[in-house]
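In what follows, a single structure is set out as C-alpha coordinates and then discussed.
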Amino acid sequence: MKLGMRRLAAGVCVLSTRTDTGHPFAMTVSSVTSVSDNPASLLVCINKQVSQQEHLSTLGNQFAVNILSESQQAISDLCAGRDVGDRFSQGDWLENPQGIPYLADAQAVFFCKVDLASAYGTHHIVVGLMHEVLVSEAEPSPLIYVNGSYARLADAK
(Lines give C-alpha, C1' and ligand atoms only; values in the text may rest on other atoms or scores of the structure.)
Protein backbone atom coordinates (compact mmCIF):
# COMPACT_ATOMS: atom_id res chain seq x y z
CA MET A 1 0.00 0.00 0.00
CA LYS A 2 2.78 2.41 0.91
CA LEU A 3 4.44 1.87 -2.47
CA GLY A 4 1.23 2.85 -4.23
CA MET A 5 0.71 5.91 -2.01
CA ARG A 6 4.26 7.10 -2.81
CA ARG A 7 3.02 7.64 -6.39
CA LEU A 8 0.39 10.11 -5.19
CA ALA A 9 2.06 13.49 -5.77
CA ALA A 10 1.14 16.19 -3.26
CA GLY A 11 1.79 19.87 -2.87
CA VAL A 12 3.86 20.65 0.22
CA CYS A 13 2.37 23.03 2.78
CA VAL A 14 3.26 24.29 6.23
CA LEU A 15 0.45 24.57 8.73
CA SER A 16 1.08 27.34 11.27
CA THR A 17 -0.78 28.38 14.40
CA ARG A 18 -0.44 29.57 17.97
CA THR A 19 -0.69 26.95 20.68
CA ASP A 20 -3.09 27.15 23.60
CA THR A 21 -0.24 28.76 25.55
CA GLY A 22 0.37 31.35 22.81
CA HIS A 23 3.56 29.94 21.34
CA PRO A 24 3.95 29.84 17.54
CA PHE A 25 3.93 26.36 16.02
CA ALA A 26 4.49 25.14 12.45
CA MET A 27 4.52 21.72 10.81
CA THR A 28 4.90 20.41 7.28
CA VAL A 29 1.78 18.77 5.84
CA SER A 30 1.21 17.18 2.46
CA SER A 31 -2.33 15.97 2.97
CA VAL A 32 -4.33 19.14 2.20
CA THR A 33 -7.29 19.31 -0.14
CA SER A 34 -10.15 21.60 -1.06
CA VAL A 35 -13.48 20.55 0.43
CA SER A 36 -15.97 23.17 -0.72
CA ASP A 37 -16.20 26.67 -2.12
CA ASN A 38 -19.43 27.37 -0.21
CA PRO A 39 -18.54 27.42 2.59
CA ALA A 40 -14.92 27.92 1.58
CA SER A 41 -13.10 25.12 3.35
CA LEU A 42 -10.15 22.77 3.19
CA LEU A 43 -9.21 19.46 4.78
CA VAL A 44 -5.91 18.71 6.53
CA CYS A 45 -4.83 15.36 7.95
CA ILE A 46 -2.67 15.55 11.08
CA ASN A 47 -0.89 12.60 12.65
CA LYS A 48 -2.08 11.89 16.19
CA GLN A 49 1.57 11.85 17.34
CA VAL A 50 2.00 15.57 16.54
CA SER A 51 2.36 17.50 19.77
CA GLN A 52 -0.26 20.11 18.80
CA GLN A 53 -2.82 17.76 17.26
CA GLU A 54 -5.26 18.37 20.12
CA HIS A 55 -5.08 22.16 19.60
CA LEU A 56 -5.61 21.65 15.87
CA SER A 57 -8.63 19.44 16.55
CA THR A 58 -10.42 21.94 18.81
CA LEU A 59 -13.35 23.69 17.15
CA GLY A 60 -12.82 27.40 16.54
CA ASN A 61 -9.02 27.39 16.90
CA GLN A 62 -7.29 29.27 14.11
CA PHE A 63 -4.49 28.19 11.79
CA ALA A 64 -2.93 29.04 8.44
CA VAL A 65 -2.02 26.72 5.58
CA ASN A 66 0.98 28.05 3.64
CA ILE A 67 1.50 26.57 0.16
CA LEU A 68 5.26 26.35 -0.33
CA SER A 69 7.13 27.27 -3.48
CA GLU A 70 9.94 25.13 -4.87
CA SER A 71 12.44 27.58 -3.34
CA GLN A 72 11.13 26.83 0.19
CA GLN A 73 12.29 23.23 0.56
CA ALA A 74 14.49 24.15 3.55
CA ILE A 75 11.42 25.47 5.39
CA SER A 76 9.59 22.21 4.68
CA ASP A 77 12.53 20.19 6.02
CA LEU A 78 12.77 22.35 9.14
CA CYS A 79 9.04 22.09 9.92
CA ALA A 80 8.94 18.34 9.18
CA GLY A 81 11.57 17.39 11.76
CA ARG A 82 10.81 15.80 15.09
CA ASP A 83 12.80 18.55 16.83
CA VAL A 84 10.34 21.36 17.49
CA GLY A 85 13.17 23.90 17.95
CA ASP A 86 12.88 27.25 16.20
CA ARG A 87 10.84 26.37 13.12
CA PHE A 88 10.54 30.09 12.42
CA SER A 89 14.30 30.63 11.97
CA GLN A 90 13.95 30.39 8.17
CA GLY A 91 11.51 32.16 5.89
CA ASP A 92 9.76 35.50 5.83
CA TRP A 93 7.30 34.98 8.71
CA LEU A 94 4.68 37.58 9.59
CA GLU A 95 1.54 37.50 11.75
CA ASN A 96 -2.03 38.32 10.79
CA PRO A 97 -4.10 40.58 13.10
CA GLN A 98 -5.17 37.50 15.11
CA GLY A 99 -1.51 36.61 15.76
CA ILE A 100 -1.39 33.59 13.45
CA PRO A 101 2.08 33.25 11.87
CA TYR A 102 2.26 32.89 8.08
CA LEU A 103 4.87 32.93 5.31
CA ALA A 104 4.70 36.25 3.48
CA ASP A 105 6.25 34.74 0.34
CA ALA A 106 4.19 31.52 0.19
CA GLN A 107 2.40 30.65 -3.06
CA ALA A 108 -0.86 31.17 -1.17
CA VAL A 109 -1.94 31.30 2.47
CA PHE A 110 -5.34 30.13 3.70
CA PHE A 111 -6.41 31.46 7.10
CA CYS A 112 -8.87 29.07 8.71
CA LYS A 113 -10.62 28.13 11.89
CA VAL A 114 -11.28 24.52 12.86
CA ASP A 115 -14.85 23.76 11.81
CA LEU A 116 -14.87 19.97 12.06
CA ALA A 117 -12.44 17.44 13.53
CA SER A 118 -12.62 13.68 13.54
CA ALA A 119 -10.18 10.93 14.47
CA TYR A 120 -9.54 8.25 11.86
CA GLY A 121 -6.85 5.59 12.19
CA THR A 122 -3.50 7.20 12.94
CA HIS A 123 -4.67 10.73 12.05
CA HIS A 124 -7.07 13.53 12.85
CA ILE A 125 -9.06 14.86 9.91
CA VAL A 126 -9.52 18.61 10.32
CA VAL A 127 -11.80 20.73 8.16
CA GLY A 128 -10.85 24.39 8.24
CA LEU A 129 -13.38 27.08 7.42
CA MET A 130 -11.47 29.71 5.41
CA HIS A 131 -11.97 33.34 6.32
CA GLU A 132 -9.13 34.92 4.31
CA VAL A 133 -6.69 33.98 1.57
CA LEU A 134 -3.51 35.66 0.35
CA VAL A 135 -2.24 34.76 -3.13
CA SER A 136 1.25 35.52 -4.40
CA GLU A 137 1.60 37.56 -7.57
CA ALA A 138 4.51 35.31 -8.64
CA GLU A 139 4.02 32.57 -11.22
CA PRO A 140 2.91 29.28 -9.64
CA SER A 141 5.90 27.13 -8.72
CA PRO A 142 4.68 24.83 -5.93
CA LEU A 143 6.94 22.45 -4.06
CA ILE A 144 5.78 18.88 -4.74
CA TYR A 145 6.46 15.66 -2.85
CA VAL A 146 6.31 12.33 -4.67
CA ASN A 147 8.00 8.93 -4.32
CA GLY A 148 9.78 9.95 -1.12
CA SER A 149 11.41 13.13 -2.42
CA TYR A 150 10.75 16.68 -3.56
CA ALA A 151 9.95 17.55 -7.16
CA ARG A 152 9.19 20.65 -9.16
CA LEU A 153 6.14 21.27 -11.31
CA ALA A 154 8.46 21.50 -14.33
CA ASP A 155 9.63 17.95 -13.53
CA ALA A 156 6.02 16.75 -13.74
CA LYS A 157 5.38 18.13 -17.24
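Lettering and numbering for the C-alpha coordinates are positional, with chains as A, B, ... in the shown order, residues counted from 1 in each chain, and ligands counted from 1 in the shown order.
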Item to complete: Determine, counting only C-alpha atoms, which protein, DNA and RNA residues have an atom within 9 Å of an atom of Gln73 of chain A; residues of the same chain fewer than 3 positions away are not included. Present the result as a VMD selection string.
Response: chain A and resid 12 68 to 70 76 to 78 143 150
Among segment 27-111 of chain A, which ones does DSSP assign to helix (DSSP H, G or I) (computed from the backbone)? Answer as a list in words.
His55, Leu56, Ser57, Glu70, Ser71, Gln72, Gln73, Ala74, Ile75, Ser76, Asp77, Leu78, Cys79 and Ala80 of chain A
Contacts between segment 83-106 of chain A and segment 18-61 of chain A, please, where a residue of segment 18-61 of chain A counts if it comes within 8 Å (with only C-alpha atoms); show its shortest atom pair and distance in Å to one decimal, rows by chain and ascending number, as JSON lines.
```
{"residue": "A:Arg18", "atom": "CA", "partner": "A:Ile100", "partner_atom": "CA", "distance": 6.1}
{"residue": "A:Pro24", "atom": "CA", "partner": "A:Pro101", "partner_atom": "CA", "distance": 6.9}
{"residue": "A:Phe25", "atom": "CA", "partner": "A:Arg87", "partner_atom": "CA", "distance": 7.5}
{"residue": "A:Ala26", "atom": "CA", "partner": "A:Arg87", "partner_atom": "CA", "distance": 6.5}
```
File dump, residues just selected, N, CA and C atoms, as an mmCIF file, in the first residue's frame:
```cif
data_model
loop_
_atom_site.group_PDB
_atom_site.id
_atom_site.type_symbol
_atom_site.label_atom_id
_atom_site.label_comp_id
_atom_site.auth_asym_id
_atom_site.auth_seq_id
_atom_site.Cartn_x
_atom_site.Cartn_y
_atom_site.Cartn_z
ATOM 1 N N ARG A 18 -0.903 29.262 16.614
ATOM 2 C CA ARG A 18 -0.439 29.566 17.967
ATOM 3 C C ARG A 18 -1.038 28.509 18.869
ATOM 4 N N PRO A 24 4.109 30.179 18.962
ATOM 5 C CA PRO A 24 3.946 29.838 17.543
ATOM 6 C C PRO A 24 4.355 28.391 17.295
ATOM 7 N N PHE A 25 3.648 27.743 16.373
ATOM 8 C CA PHE A 25 3.928 26.356 16.020
ATOM 9 C C PHE A 25 3.740 26.195 14.522
ATOM 10 N N ALA A 26 4.608 25.415 13.888
ATOM 11 C CA ALA A 26 4.494 25.143 12.452
ATOM 12 C C ALA A 26 4.887 23.704 12.179
#
```
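The closest residue to Val35 of chain A, picked from A:Ile125, A:Ala151, A:Ala119, A:Cys79 and counting only C-alpha atoms, is A:Ile125.
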Note to self: When you look at Tyr120 of chain A with a cut-off of 12 Å (counting only C-alpha atoms), what residues show up, excluding the ones that are within fewer than 2 positions of it in the same chain? I need them as a list in words.
What the structure shows: Cys45, Ile46, Asn47, Lys48, Ala117, Ser118, Thr122, His123, His124, Ile125 and Val126 of chain A
Practice item. Just the residues within 12 Å of Leu153 of chain A, please, counting only C-alpha atoms, with nothing from its chain fewer than 5 positions along; format it as a list in words. Key: Ala9, Ala10, Gly11, Val12, Ser69, Glu70, Ser71, Glu139, Pro140, Ser141, Pro142, Leu143, Ile144, Tyr145 and Val146 of chain A
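Each of A:Ala138, A:Gly148, A:Gln72, A:Ser51 was checked against Leu3 of chain A using only C-alpha atoms; the smallest atom-to-atom distance is that of A:Gly148.
Nearest-residue note for Leu43 of chain A: choosing from A:Met5, A:Val135, A:Leu15, A:Met27, the minimum distance belongs to A:Leu15, counting only C-alpha atoms.
Between Ser16 of chain A and the candidates A:Ser41, A:Gln49, A:Gln62, A:Thr33, the tightest atom-to-atom separation, counting only C-alpha atoms, involves A:Gln62.
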The residue from A:Val14, A:Ile75, A:Val32, A:Ala40 with the smallest atom-to-atom distance to Met130 of chain A, counting only C-alpha atoms, is A:Ala40
